[in-house]
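Below you'll find the structure, written out as structure tokens, and then a few comments.
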Number of protein chains: 2
Amino acid sequence: MTKWVYSFGNGSAEGKAEMKNLLGGKGANLAEMSNLGLPVPPGFTVTTEVCTHYYKNGETYPSSLKADVESALAAVGKIAEGTLGDPARPLLVSVRSGARVSMPGMMDTVLNLGLNPATTEGLARLTGNPRFAYDSYRRFIQMYSNVVLGLEHGAFEEILDQEKEDKGYEHDTELEAEDLKRIADRYKAHVKAELGKPFPDDVNDQLWGAIGAVFGSWQSARAKTYRRMYHIPDDWGTAVNVQAMVFGNRGETSATGVAFTRDPSTGEHLLYGEFLINAQGEDVVAGIRTPQPISKIVRERQGGKKPSMEEALPKTFAELNEIAKTLEAHYRDMQDVEFTVQEGKLFMLQTRSGKRTAQASLKIAVDMEKEGLIDRKAAVSRVEPAALDQLLHPTLDPKAEKEQIAIGLSASPGAATGEVAFTADEAEKLAKDGKDVILVRTETSPEDIHGMHAARGILTARGGMTSHAAVVARGMGRPCVCGASMVKIDLAGGVMTCGSHAVKRGEIITIDGASGQVFKGRVPTLQPELTGDFGTLMGWADSIRRLKIRANADTPNDADVARKFGAEGIGLCRTEHMFFEPDRILAVRQMILADDRYDREAALAKLLPMQRGDFEGIFKVMEGLPVTIRLLDPPLHEFLPQKDEEIAEVAKAAGSTPAKLRARLIALHESNPMLGHRGCRLGITYPEIYEMQARAILEAALNVEEQGGKPVELEIMIPLVGFKAELDMLRDRIAQVAEAVKAERKKSLKYMIGTMIELPRAALRAAEIAQTAEFFSFGTNDLTQTTLGMSRDDAGGFLTDYLSKGIIARDPFVTIDVDGVGDLVRIAAERGRKTRANLKLGICGEHGGDPDSIRFCHDSGLDYVSCSPFRVPIARLSAAQAALTIITKAE
Amino acid sequence: MTKWVYSFGNGSAEGKAEMKNLLGGKGANLAEMSNLGLPVPPGFTVTTEVCTHYYKNGETYPSSLKADVESALAAVGKIAEGTLGDPARPLLVSVRSGARVSMPGMMDTVLNLGLNPATTEGLARLTGNPRFAYDSYRRFIQMYSNVVLGLEHGAFEEILDQEKEDKGYEHDTELEAEDLKRIADRYKAHVKAELGKPFPDDVNDQLWGAIGAVFGSWQSARAKTYRRMYHIPDDWGTAVNVQAMVFGNRGETSATGVAFTRDPSTGEHLLYGEFLINAQGEDVVAGIRTPQPISKIVRERQGGKKPSMEEALPKTFAELNEIAKTLEAHYRDMQDVEFTVQEGKLFMLQTRSGKRTAQASLKIAVDMEKEGLIDRKAAVSRVEPAALDQLLHPTLDPKAEKEQIAIGLSASPGAATGEVAFTADEAEKLAKDGKDVILVRTETSPEDIHGMHAARGILTARGGMTSHAAVVARGMGRPCVCGASMVKIDLAGGVMTCGSHAVKRGEIITIDGASGQVFKGRVPTLQPELTGDFGTLMGWADSIRRLKIRANADTPNDADVARKFGAEGIGLCRTEHMFFEPDRILAVRQMILADDRYDREAALAKLLPMQRGDFEGIFKVMEGLPVTIRLLDPPLHEFLPQKDEEIAEVAKAAGSTPAKLRARLIALHESNPMLGHRGCRLGITYPEIYEMQARAILEAALNVEEQGGKPVELEIMIPLVGFKAELDMLRDRIAQVAEAVKAERKKSLKYMIGTMIELPRAALRAAEIAQTAEFFSFGTNDLTQTTLGMSRDDAGGFLTDYLSKGIIARDPFVTIDVDGVGDLVRIAAERGRKTRANLKLGICGEHGGDPDSIRFCHDSGLDYVSCSPFRVPIARLSAAQAALTIITKAE
């Protein structure tokens, strides 16, 4: 029989950390902490399998669940010395969700469950603290009504405010037991009025209602959005954790807080977190009261006046510090814990691997290796490659003139500039219009995720380093400034004020997530410099990876950046980008407008020295590394102007007439240019174009060599090959040019000729194409377009639909479609290598910089990936992780 | 050691018919006839391997060739009682090309080789006929100068005409020996003047010059064109046949002729051909003198005044008739022979399978089966499927008003209408502009082939049934009227006159290849009726083939035609074609312009009864056969007007505004519509469209059934599927509609749901797609576009280049690209059937009507092909031939 419920508490547990799939992250770690002998309030976990069963069986529970829960509850009561619903010894519990992976803020929690008029009275008697009892009761009614019964917060806040006003109180703390009892009654009356039935006094109804709400929230819109964004399967389900309550709101020796075992922003090794005296957990996370730092040094750095936990509760702080060490030693990773101090006694409510910035991630990985906690392989596998993007973000130019208008917490690093949007929808809309956006909110909530995703950066007026905005922004790699309390937002007026400054909707601001500063207007930025831990980790990654990393670079400057980031060659040098330079486009257009080969060659002769110069510059930078140069690829009409006013101008400049230019435009027009006269098809129709390019490449190589440069490994790449005969014909022509150049210069020349594999036919015919091609470079952009029959330019309209309807899990233009496009890559690699065992294989599509796609490339036996220069470090790390068989991911 | 030369003659030979690859068609058959004991002048064949050697080794011969030829020549001399170059007993030879397959008119021939002043004088003495000797000599000089030395005919004709004029002669026959000797001298002087060196008197120089010319002509432009058109590999090479001359120009008991053992136009069993008394072979073929029929009955039918061969040379005719029977019995096929009668003695110079019209091909195959010469399988394999097109060509409406302007020979059946073009280039140009063209020439030559290919029909003023024009036109399936001698062409003036009628370039005429008539203007045509032999052969084909044949049909009328041609179902019913009907397009446009689902459904509700009516009509015609209906496929913008004037009109009619319509047009615009928002992607974005279509289909099926019709096998087909999830989602929606219809009508419903396989991804993921799909239909049009990355609309520009440069052998949109697209079809079939063993597989692209593609479909294990109704017979026959393991092709 399936075991649906797992108990924990009192130094032991039925579950353990490895059972995350079954118990969820929270439940598994509560069990693990219990097994470690840490002070964990007793409780039990209803497994994720119950959730799956629930949705598979028309939202019903397994038949034995009720009995299982009852017996687990009895066990909890035994340890906690109470019984749910017993006014004499009332047991109160929290009910929380807990999925396999942490989904911050997305699932709902109910605290203080088990209170009703009788048990509240009992609690008052038992604790001798009626105020605490009725405060707990009114909190429970409010939370339960919101989370389980679906009522708005606002009405409850209003009742509270009215009561305070009636009494002339300013703070909640002034409310007395009788006030709170009356408020509870008014809350219940409000619920009955809204729902037509009373608030449940039966504690079992309360419990099952809460459990149902947790399962129900698994299918809430915001949970679905989060899962889609983070590629979490719908069928994983969530567990439910029911745990005896402990109270951080039992007076001045009670507290509640969250802590990281290291600083999640910088990685610094100290207890980093926030706490509130006499409060319950949600007060910290929700960002409603601003909490205080845990460590003294952090308080001092921030210039805080109120005491840190280290100062206010030194014994408990020391205990927490010991527990942090125990947990790090046990989990071998930085932990994010929740705790409550009930009348001086510390209870651990949660532990999990802590989310962190890329910078922290790096430092923690490197530090832990040095501390002997983990080895180099583990260190390399701990850093999320995509997060490196954060380190590669530009920073503000310190010399730039800046007008600071606000300051907050440095919640997520990086600088960002953009138009101000005050709602998530607004941010999304502006971003869709191609605008850079800074989302400014008083505080964020899960409903804002789409807007945060669309924004370049996030600024909030309230909340701390562990507030929703901060956690989510770090996870997304978005710069974020939190708790900038001087920021006041007038949503209706469309303006925010920061002291004397006013910024209207759509005006530009700049935020610096590293310093917490907010500036008016656009502030110039600097490229990041990477050293220290970054270099160390990259070095370890390089020693582990098998894949070579190259960059896509079309200019000497690109090539230079690429090398600085560690590129080991150029995997794609697109020659047509050079054609668009203002001083060349005229000759290109003359070439296109030429009436015959003679005129065309005359125009090409003008381009030759320019192209040669381009290549010389690149070859010098690359100093003997391999450089793959792709011959002209796009259809010729891309080089011609399309608008009437330009046509006249260009025609004149090119020594032609508008009529002729228009005629050529019409002749070159294509219904589906993606599938048209481009790539090697141009080389076959106009061989003189490729001949010029081949000459420019070969002469440039000789020139650089003559000037004392290291001879680059030349790889001339023919695009869009579908038939071996195409490649043969062009290979022969290039060989003729090479022979001519050799004879003219009396030098030897070494070069390889290969092809893009970007058509399904080329992949299928790889065996014969490899008879001629010395290397393959998978052009997975076009291969995706042809294999899926999906134009990247046109897919926007339905891809969103496809993603939201779950037809595809990921955008195939971002992460390679392993099943379809990947199948062709594998087929081509296998067939190509059968013909030519040493066939060099690489990838040069956008996928070359995507971690999951890089893993695929590694698994498929490719030799290298090539990506944009800024993604080279990501690729290096991804390649190393791919090479590590077992990856322990930080979660 | 390789044997380079094979001898034949005197009742035996070193070669035989099976050695066609080595000896060429002509050489192999000369050997075979010699082995059969038929009267063949002795000779020898220089093998095709010499040709291959020649081109592989810088145009040089194998070292032993000279000796081999000398010894073979000696053997010929022994039998023919003469020696090449010996004035006392001069041996004369012909030198002819002979490739593996007949390439009519493309390779060159030299006759009377071995003549020089001394041997001519000897020949005169030996034959006692100086006129014959010198006529032969001047003919030899003229032919050799043209074929081997590359001089124009014209100058020689001029010399001849001058001589005739000087003497006051009207006909060549009036020229006497002395005249001819003088003409020969003037010819030689002309050659010397043109080339700067004398015409060769050395007979060995003559022989090797001629052999070299034959090999040289293998690489002539026109030979290459022919090979490209008929997909003959360049490396096959040609053989050279050297054979002792016999003379049809030795007086009134000499003759030369060509004959078919059956009528090549109708298939009638009689000796059909033409001959000329006192002439050499090229006189017949070249069409310069109009020859007479061989059989008396043919002469009578044609109303000829001059005697037939049966009447003029009755004994020889009887002998020829016997030989024809021997040859047919031996080769089991209709033969095309060349013969010469030298002073009453018959010599056979060539035999080969005769080219024939589709009608003749059918009749001969069926007759021969009845005569017991061949079995049914052989009969089925004898008819070229593509040739059936000729039988399916329309004929002229007998009741139509016609203005006949000329009459000629009925050289190739079928009626054709088009604009008159007087040159091949002109014809090609007009055809490229989308015009129907009739190519009108005095006579055609191999240089005209591209124009004949481009033309709908061919009309010539000169030449007989075996003239170049007639042979080529029949091979191409083009209607052709030959020898319409009243037609005079004024090329410079751009006009042809036919008696009192004048037809200018570009004016329209109609030709009837069945009657030989030529009409002014366009004459209405009738659909062909197929009975008799056609039905018999189709019946045999049906009993042999495994593939089912369906048709692509969108209307009841299409369906009706398809069934008459023998279609066993509809493989592709495109629902969008119905949308373009004038009474529907408005509702379609309202649907596209709808602001929301509600408006869209209102527009769709208008379309529902119309679509239902369409399907009812089709289902009634199909009477229980399978019908595959494809749901909406094209992108929506295809249904909207694009021109300003239309936009205003349409907007008004659709109750919208031009601005809104324009906005929708912009929103729907796509860079690559082929890869855009179409197919099932529409069904996913606008599920209500597919729901309406599903309802229309299912309700129509029930309606037809209720009206007593046989329930069709319904196959609902989802286009452009790339992901199983797409199909799942749409399958579920259709199932919901089906459940609703069942409930409303209280009837059961049977239908299958399947998908087009037209994206490489779909082919690769066939295993999982087949979990949902109950059938696959390969949409090879789109699969070709995506696999090759080639837009059919845009490929014109470079495909011609690709074909002419030999990069691809065939247009992949006509004949399936077996290596690339075919590989995906095989992969999909294999993977799909692994999941679902009884998965129904078919093809519905244009390839479904192409014989070679059908063979591929058979070999790949598909269940059926679907093609346009008119190609159904071709498909039936092709499928049968594919099922026959060994195919003996008539050549």
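Order determines the names: the first chain of the structure tokens is A, the second B, and so forth; residues in each chain are numbered 1 upward, and ligands are numbered 1 upward as they are shown.
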
Compile a residue-level contact table for chain A against chain B at a cut-off of 7 Å, reporting for every qualifying residue the shortest atom pair and its distance in Å to one decimal, with only C-alpha atoms counted, rows ordered by chain and ascending number, as a Markdown table.
```
| residue | atom | partner | partner_atom | distance |
| --- | --- | --- | --- | --- |
| A:Glu670 | CA | B:Asp794 | CA | 5.7 |
| A:Ser671 | CA | B:Asp794 | CA | 6.5 |
| A:Asn672 | CA | B:Asn672 | CA | 4.4 |
| A:Pro673 | CA | B:Asn672 | CA | 6.6 |
| A:Met674 | CA | B:Asn672 | CA | 6.6 |
| A:Leu675 | CA | B:Met790 | CA | 4.5 |
| A:Gly676 | CA | B:Asp794 | CA | 5.6 |
| A:His677 | CA | B:Phe798 | CA | 6.8 |
| A:Arg681 | CA | B:Phe798 | CA | 7.0 |
| A:Gly722 | CA | B:Leu788 | CA | 6.2 |
| A:Ala725 | CA | B:Ile807 | CA | 5.2 |
| A:Glu726 | CA | B:Ile807 | CA | 6.3 |
| A:Leu759 | CA | B:Gly789 | CA | 6.0 |
| A:Pro760 | CA | B:Thr787 | CA | 4.9 |
| A:Arg761 | CA | B:Gly820 | CA | 5.0 |
| A:Leu764 | CA | B:Gly820 | CA | 6.3 |
| A:Arg765 | CA | B:Gly820 | CA | 6.7 |
| A:Thr786 | CA | B:Thr786 | CA | 4.9 |
| A:Thr787 | CA | B:Pro760 | CA | 4.9 |
| A:Leu788 | CA | B:Arg761 | CA | 5.6 |
| A:Gly789 | CA | B:Leu675 | CA | 4.9 |
| A:Met790 | CA | B:Leu675 | CA | 4.6 |
| A:Ser791 | CA | B:Leu675 | CA | 4.9 |
| A:Asp793 | CA | B:Ser671 | CA | 6.5 |
| A:Asp794 | CA | B:Gly676 | CA | 5.6 |
| A:Ala795 | CA | B:Gly676 | CA | 6.3 |
| A:Phe798 | CA | B:His677 | CA | 6.8 |
| A:Ile807 | CA | B:Ala725 | CA | 5.2 |
| A:Gly820 | CA | B:Arg761 | CA | 5.0 |
```

Keeping only N, CA and C atoms, write those residues as a short mmCIF file (atom, residue, chain, number, x, y, z; two decimals), in the first residue's frame.
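File part-v1.cif, as written:
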```cif
data_model
loop_
_atom_site.label_atom_id
_atom_site.label_comp_id
_atom_site.auth_asym_id
_atom_site.auth_seq_id
_atom_site.Cartn_x
_atom_site.Cartn_y
_atom_site.Cartn_z
N GLU A 670 11.22 37.80 -53.46
CA GLU A 670 10.93 36.39 -53.24
C GLU A 670 9.75 36.22 -52.29
N SER A 671 8.97 35.18 -52.51
CA SER A 671 7.83 34.90 -51.64
C SER A 671 8.31 34.45 -50.27
N ASN A 672 9.36 33.64 -50.27
CA ASN A 672 9.91 33.10 -49.02
C ASN A 672 11.42 33.22 -49.06
N PRO A 673 11.94 34.43 -48.80
CA PRO A 673 13.38 34.64 -48.98
C PRO A 673 14.24 33.68 -48.16
N MET A 674 13.70 33.22 -47.05
CA MET A 674 14.43 32.26 -46.22
C MET A 674 14.74 30.99 -47.03
N LEU A 675 13.86 30.66 -47.97
CA LEU A 675 14.02 29.43 -48.76
C LEU A 675 14.41 29.77 -50.19
N GLY A 676 15.03 30.92 -50.37
CA GLY A 676 15.21 31.40 -51.74
C GLY A 676 16.63 31.35 -52.25
N HIS A 677 16.92 32.36 -53.06
CA HIS A 677 18.20 32.43 -53.76
C HIS A 677 19.24 33.04 -52.83
N ARG A 681 23.72 29.08 -53.17
CA ARG A 681 23.01 29.25 -54.44
C ARG A 681 23.48 30.52 -55.13
N GLY A 722 22.91 21.84 -49.76
CA GLY A 722 21.92 20.77 -49.66
C GLY A 722 22.38 19.56 -50.45
N ALA A 725 27.06 18.18 -54.76
CA ALA A 725 27.53 18.79 -56.01
C ALA A 725 27.72 20.30 -55.86
N GLU A 726 26.89 20.93 -55.02
CA GLU A 726 27.06 22.36 -54.80
C GLU A 726 28.43 22.62 -54.18
N LEU A 759 20.33 22.67 -43.51
CA LEU A 759 19.13 22.16 -44.19
C LEU A 759 18.98 20.69 -43.81
N PRO A 760 17.74 20.25 -43.60
CA PRO A 760 17.56 18.83 -43.27
C PRO A 760 18.23 17.91 -44.31
N ARG A 761 18.17 18.30 -45.58
CA ARG A 761 18.77 17.44 -46.58
C ARG A 761 20.28 17.28 -46.35
N LEU A 764 20.87 14.81 -43.65
CA LEU A 764 20.60 13.44 -44.09
C LEU A 764 21.69 12.93 -45.04
N ARG A 765 22.22 13.82 -45.87
CA ARG A 765 23.22 13.43 -46.86
C ARG A 765 24.64 13.67 -46.35
N THR A 786 13.87 25.26 -40.87
CA THR A 786 13.46 24.31 -41.91
C THR A 786 12.90 23.02 -41.31
N THR A 787 13.50 22.54 -40.26
CA THR A 787 13.05 21.27 -39.68
C THR A 787 11.65 21.41 -39.09
N LEU A 788 11.41 22.56 -38.47
CA LEU A 788 10.11 22.80 -37.86
C LEU A 788 9.16 23.51 -38.82
N GLY A 789 9.68 23.92 -39.99
CA GLY A 789 8.84 24.67 -40.92
C GLY A 789 8.32 25.93 -40.26
N MET A 790 9.21 26.61 -39.55
CA MET A 790 8.80 27.74 -38.73
C MET A 790 9.75 28.90 -38.96
N SER A 791 9.23 29.98 -39.49
CA SER A 791 10.06 31.15 -39.74
C SER A 791 10.24 31.91 -38.44
N ASP A 793 11.04 34.86 -38.00
CA ASP A 793 10.46 36.20 -38.10
C ASP A 793 8.94 36.19 -37.91
N ASP A 794 8.34 35.07 -38.24
CA ASP A 794 6.87 35.02 -38.23
C ASP A 794 6.30 34.23 -37.07
N ALA A 795 7.15 33.50 -36.36
CA ALA A 795 6.63 32.55 -35.37
C ALA A 795 6.08 33.24 -34.13
N PHE A 798 2.37 32.77 -33.12
CA PHE A 798 1.80 31.54 -32.58
C PHE A 798 2.70 30.85 -31.56
N ILE A 807 2.16 23.29 -25.74
CA ILE A 807 2.44 22.43 -26.88
C ILE A 807 3.94 22.24 -27.01
N GLY A 820 13.77 16.91 -32.44
CA GLY A 820 13.63 17.06 -33.89
C GLY A 820 14.94 17.51 -34.51
#
```

Point to revise | Contact residues around Ala184 (chain B) with only C-alpha atoms at 9 Å, ignoring same-chain residues under 4 positions, as number ranges by chain | key: B: 134-135, 137-139, 141-142, 179-180, 188-189

Pull N, CA, C and O atoms from the residues just selected and write them as a JSON list (two decimals), in the first residue's frame.
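Result file follows (out-v3.json):
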```
[["chain", "number", "residue", "atom", "x", "y", "z"],
["B", 134, "TYR", "N", 31.08, 9.50, -108.62],
["B", 134, "TYR", "CA", 31.38, 10.91, -108.33],
["B", 134, "TYR", "C", 30.28, 11.56, -107.48],
["B", 134, "TYR", "O", 30.54, 12.46, -106.71],
["B", 135, "ASP", "N", 29.03, 11.09, -107.65],
["B", 135, "ASP", "CA", 27.97, 11.59, -106.78],
["B", 135, "ASP", "C", 28.29, 11.19, -105.33],
["B", 135, "ASP", "O", 28.16, 12.00, -104.40],
["B", 137, "TYR", "N", 31.23, 10.59, -104.13],
["B", 137, "TYR", "CA", 32.40, 11.33, -103.69],
["B", 137, "TYR", "C", 32.01, 12.74, -103.21],
["B", 137, "TYR", "O", 32.39, 13.18, -102.14],
["B", 138, "ARG", "N", 31.19, 13.42, -104.03],
["B", 138, "ARG", "CA", 30.86, 14.80, -103.63],
["B", 138, "ARG", "C", 29.97, 14.80, -102.38],
["B", 138, "ARG", "O", 30.09, 15.67, -101.51],
["B", 139, "ARG", "N", 29.13, 13.77, -102.27],
["B", 139, "ARG", "CA", 28.35, 13.65, -101.04],
["B", 139, "ARG", "C", 29.27, 13.45, -99.84],
["B", 139, "ARG", "O", 29.07, 14.02, -98.76],
["B", 141, "ILE", "N", 32.42, 14.31, -99.50],
["B", 141, "ILE", "CA", 33.17, 15.52, -99.17],
["B", 141, "ILE", "C", 32.28, 16.48, -98.37],
["B", 141, "ILE", "O", 32.68, 17.04, -97.35],
["B", 142, "GLN", "N", 31.05, 16.64, -98.86],
["B", 142, "GLN", "CA", 30.13, 17.57, -98.21],
["B", 142, "GLN", "C", 29.84, 17.12, -96.77],
["B", 142, "GLN", "O", 29.93, 17.91, -95.82],
["B", 179, "ASP", "N", 30.18, 16.61, -114.29],
["B", 179, "ASP", "CA", 29.71, 17.73, -113.46],
["B", 179, "ASP", "C", 30.04, 17.45, -112.00],
["B", 179, "ASP", "O", 30.54, 18.31, -111.28],
["B", 180, "LEU", "N", 29.74, 16.23, -111.59],
["B", 180, "LEU", "CA", 29.91, 15.88, -110.19],
["B", 180, "LEU", "C", 31.38, 15.89, -109.80],
["B", 180, "LEU", "O", 31.77, 16.28, -108.70],
["B", 188, "LYS", "N", 36.45, 20.67, -102.67],
["B", 188, "LYS", "CA", 37.75, 20.53, -102.01],
["B", 188, "LYS", "C", 38.48, 21.87, -101.96],
["B", 188, "LYS", "O", 39.17, 22.18, -100.98],
["B", 189, "ALA", "N", 38.32, 22.64, -103.03],
["B", 189, "ALA", "CA", 38.95, 23.97, -103.06],
["B", 189, "ALA", "C", 38.35, 24.85, -101.95],
["B", 189, "ALA", "O", 39.07, 25.58, -101.26]]
```

Check your understanding: With only C-alpha atoms as the basis for distance, which of A:Val214, A:Met622, A:Ala155, A:Ile592 is at the shortest distance from Ala663 (chain A)?
Key -> A:Ile592

Point to revise | Backbone-only DSSP, alpha helix (DSSP H) members of region 284-383 of chain B, as a PyMOL selection string | key: chain B and resi 284-285+296-302+309-312+314-331+358-370+376-382

Would you mind exporting C-alpha atoms of the selected residues as an mmCIF file, in the first residue's frame?
```cif
data_model
loop_
_atom_site.group_PDB
_atom_site.id
_atom_site.type_symbol
_atom_site.label_atom_id
_atom_site.label_comp_id
_atom_site.auth_asym_id
_atom_site.auth_seq_id
_atom_site.Cartn_x
_atom_site.Cartn_y
_atom_site.Cartn_z
ATOM 1 C CA VAL B 284 14.861 9.871 -95.950
ATOM 2 C CA VAL B 285 15.623 10.952 -92.452
ATOM 3 C CA LYS B 296 0.411 -0.340 -100.459
ATOM 4 C CA ILE B 297 -2.474 0.118 -98.049
ATOM 5 C CA VAL B 298 -0.804 3.095 -96.429
ATOM 6 C CA ARG B 299 -0.161 4.704 -99.794
ATOM 7 C CA GLU B 300 -3.815 4.195 -100.724
ATOM 8 C CA ARG B 301 -5.034 5.684 -97.462
ATOM 9 C CA GLN B 302 -2.839 8.693 -97.931
ATOM 10 C CA MET B 309 7.725 -0.261 -102.039
ATOM 11 C CA GLU B 310 5.259 -3.170 -101.967
ATOM 12 C CA GLU B 311 4.380 -2.263 -105.542
ATOM 13 C CA ALA B 312 7.738 -1.025 -106.830
ATOM 14 C CA PRO B 314 7.527 -6.555 -104.412
ATOM 15 C CA LYS B 315 10.153 -9.261 -103.869
ATOM 16 C CA THR B 316 12.296 -7.123 -101.638
ATOM 17 C CA PHE B 317 9.213 -5.956 -99.774
ATOM 18 C CA ALA B 318 8.261 -9.575 -99.056
ATOM 19 C CA GLU B 319 11.800 -10.266 -97.847
ATOM 20 C CA LEU B 320 11.673 -7.202 -95.575
ATOM 21 C CA ASN B 321 8.301 -8.353 -94.236
ATOM 22 C CA GLU B 322 9.768 -11.734 -93.306
ATOM 23 C CA ILE B 323 12.727 -10.089 -91.604
ATOM 24 C CA ALA B 324 10.315 -7.853 -89.667
ATOM 25 C CA LYS B 325 8.516 -10.946 -88.391
ATOM 26 C CA THR B 326 11.810 -12.587 -87.451
ATOM 27 C CA LEU B 327 12.931 -9.498 -85.595
ATOM 28 C CA GLU B 328 9.660 -9.075 -83.694
ATOM 29 C CA ALA B 329 9.666 -12.729 -82.725
ATOM 30 C CA HIS B 330 13.242 -12.397 -81.580
ATOM 31 C CA TYR B 331 13.062 -9.061 -79.772
ATOM 32 C CA ALA B 358 1.009 6.192 -76.299
ATOM 33 C CA GLN B 359 -1.890 4.890 -78.362
ATOM 34 C CA ALA B 360 0.391 2.666 -80.413
ATOM 35 C CA SER B 361 2.265 1.614 -77.343
ATOM 36 C CA LEU B 362 -0.984 0.444 -75.765
ATOM 37 C CA LYS B 363 -2.256 -1.319 -78.846
ATOM 38 C CA ILE B 364 1.055 -3.039 -79.535
ATOM 39 C CA ALA B 365 1.358 -4.224 -75.947
ATOM 40 C CA VAL B 366 -2.187 -5.585 -75.912
ATOM 41 C CA ASP B 367 -1.941 -7.082 -79.428
ATOM 42 C CA MET B 368 1.380 -8.765 -78.709
ATOM 43 C CA GLU B 369 -0.080 -10.328 -75.593
ATOM 44 C CA LYS B 370 -2.949 -11.638 -77.689
ATOM 45 C CA ARG B 376 0.608 -9.603 -69.431
ATOM 46 C CA LYS B 377 3.385 -8.474 -67.132
ATOM 47 C CA ALA B 378 5.593 -7.696 -70.089
ATOM 48 C CA ALA B 379 2.702 -5.892 -71.752
ATOM 49 C CA VAL B 380 2.175 -3.757 -68.688
ATOM 50 C CA SER B 381 5.852 -2.961 -68.446
ATOM 51 C CA ARG B 382 6.032 -1.976 -72.124
#
```

Review point. Can you tell me, as a list in words, what residues are no more than 8 Å from region 406-410 of chain A when counting only C-alpha atoms, ignoring any on the same chain fewer than 4 positions away?
Key: Ala461, Gly464, Met465, Cys480, Val481, Cys482, Gly483, Ala484, Ser485, Met486, Val487, Cys498, Asp512, Gly513, Ala514, Ser515, Gly516, Gln517, Val518 and Phe519 of chain A

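The shell of residues at most 9 Å from Lys488 (chain A), with only C-alpha atoms counted and near chain neighbours (fewer than 5 positions) removed, consists of Thr442, Ala461, Val495, Met496, Thr497, Cys498 and Gly499 of chain A.
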
**Study point:** Contacts of Leu160 (chain B) at 10 Å (only C-alpha atoms; same-chain gap of 3+ positions) as a list in words
**Key:** Arg138, Gly154, Ala155, Phe156, Glu157, Glu163, Lys164, Glu165, Asp166, Asp172, Leu175, Asp179, Leu180, Ile183, Ala184, Arg186 and Tyr187 of chain B
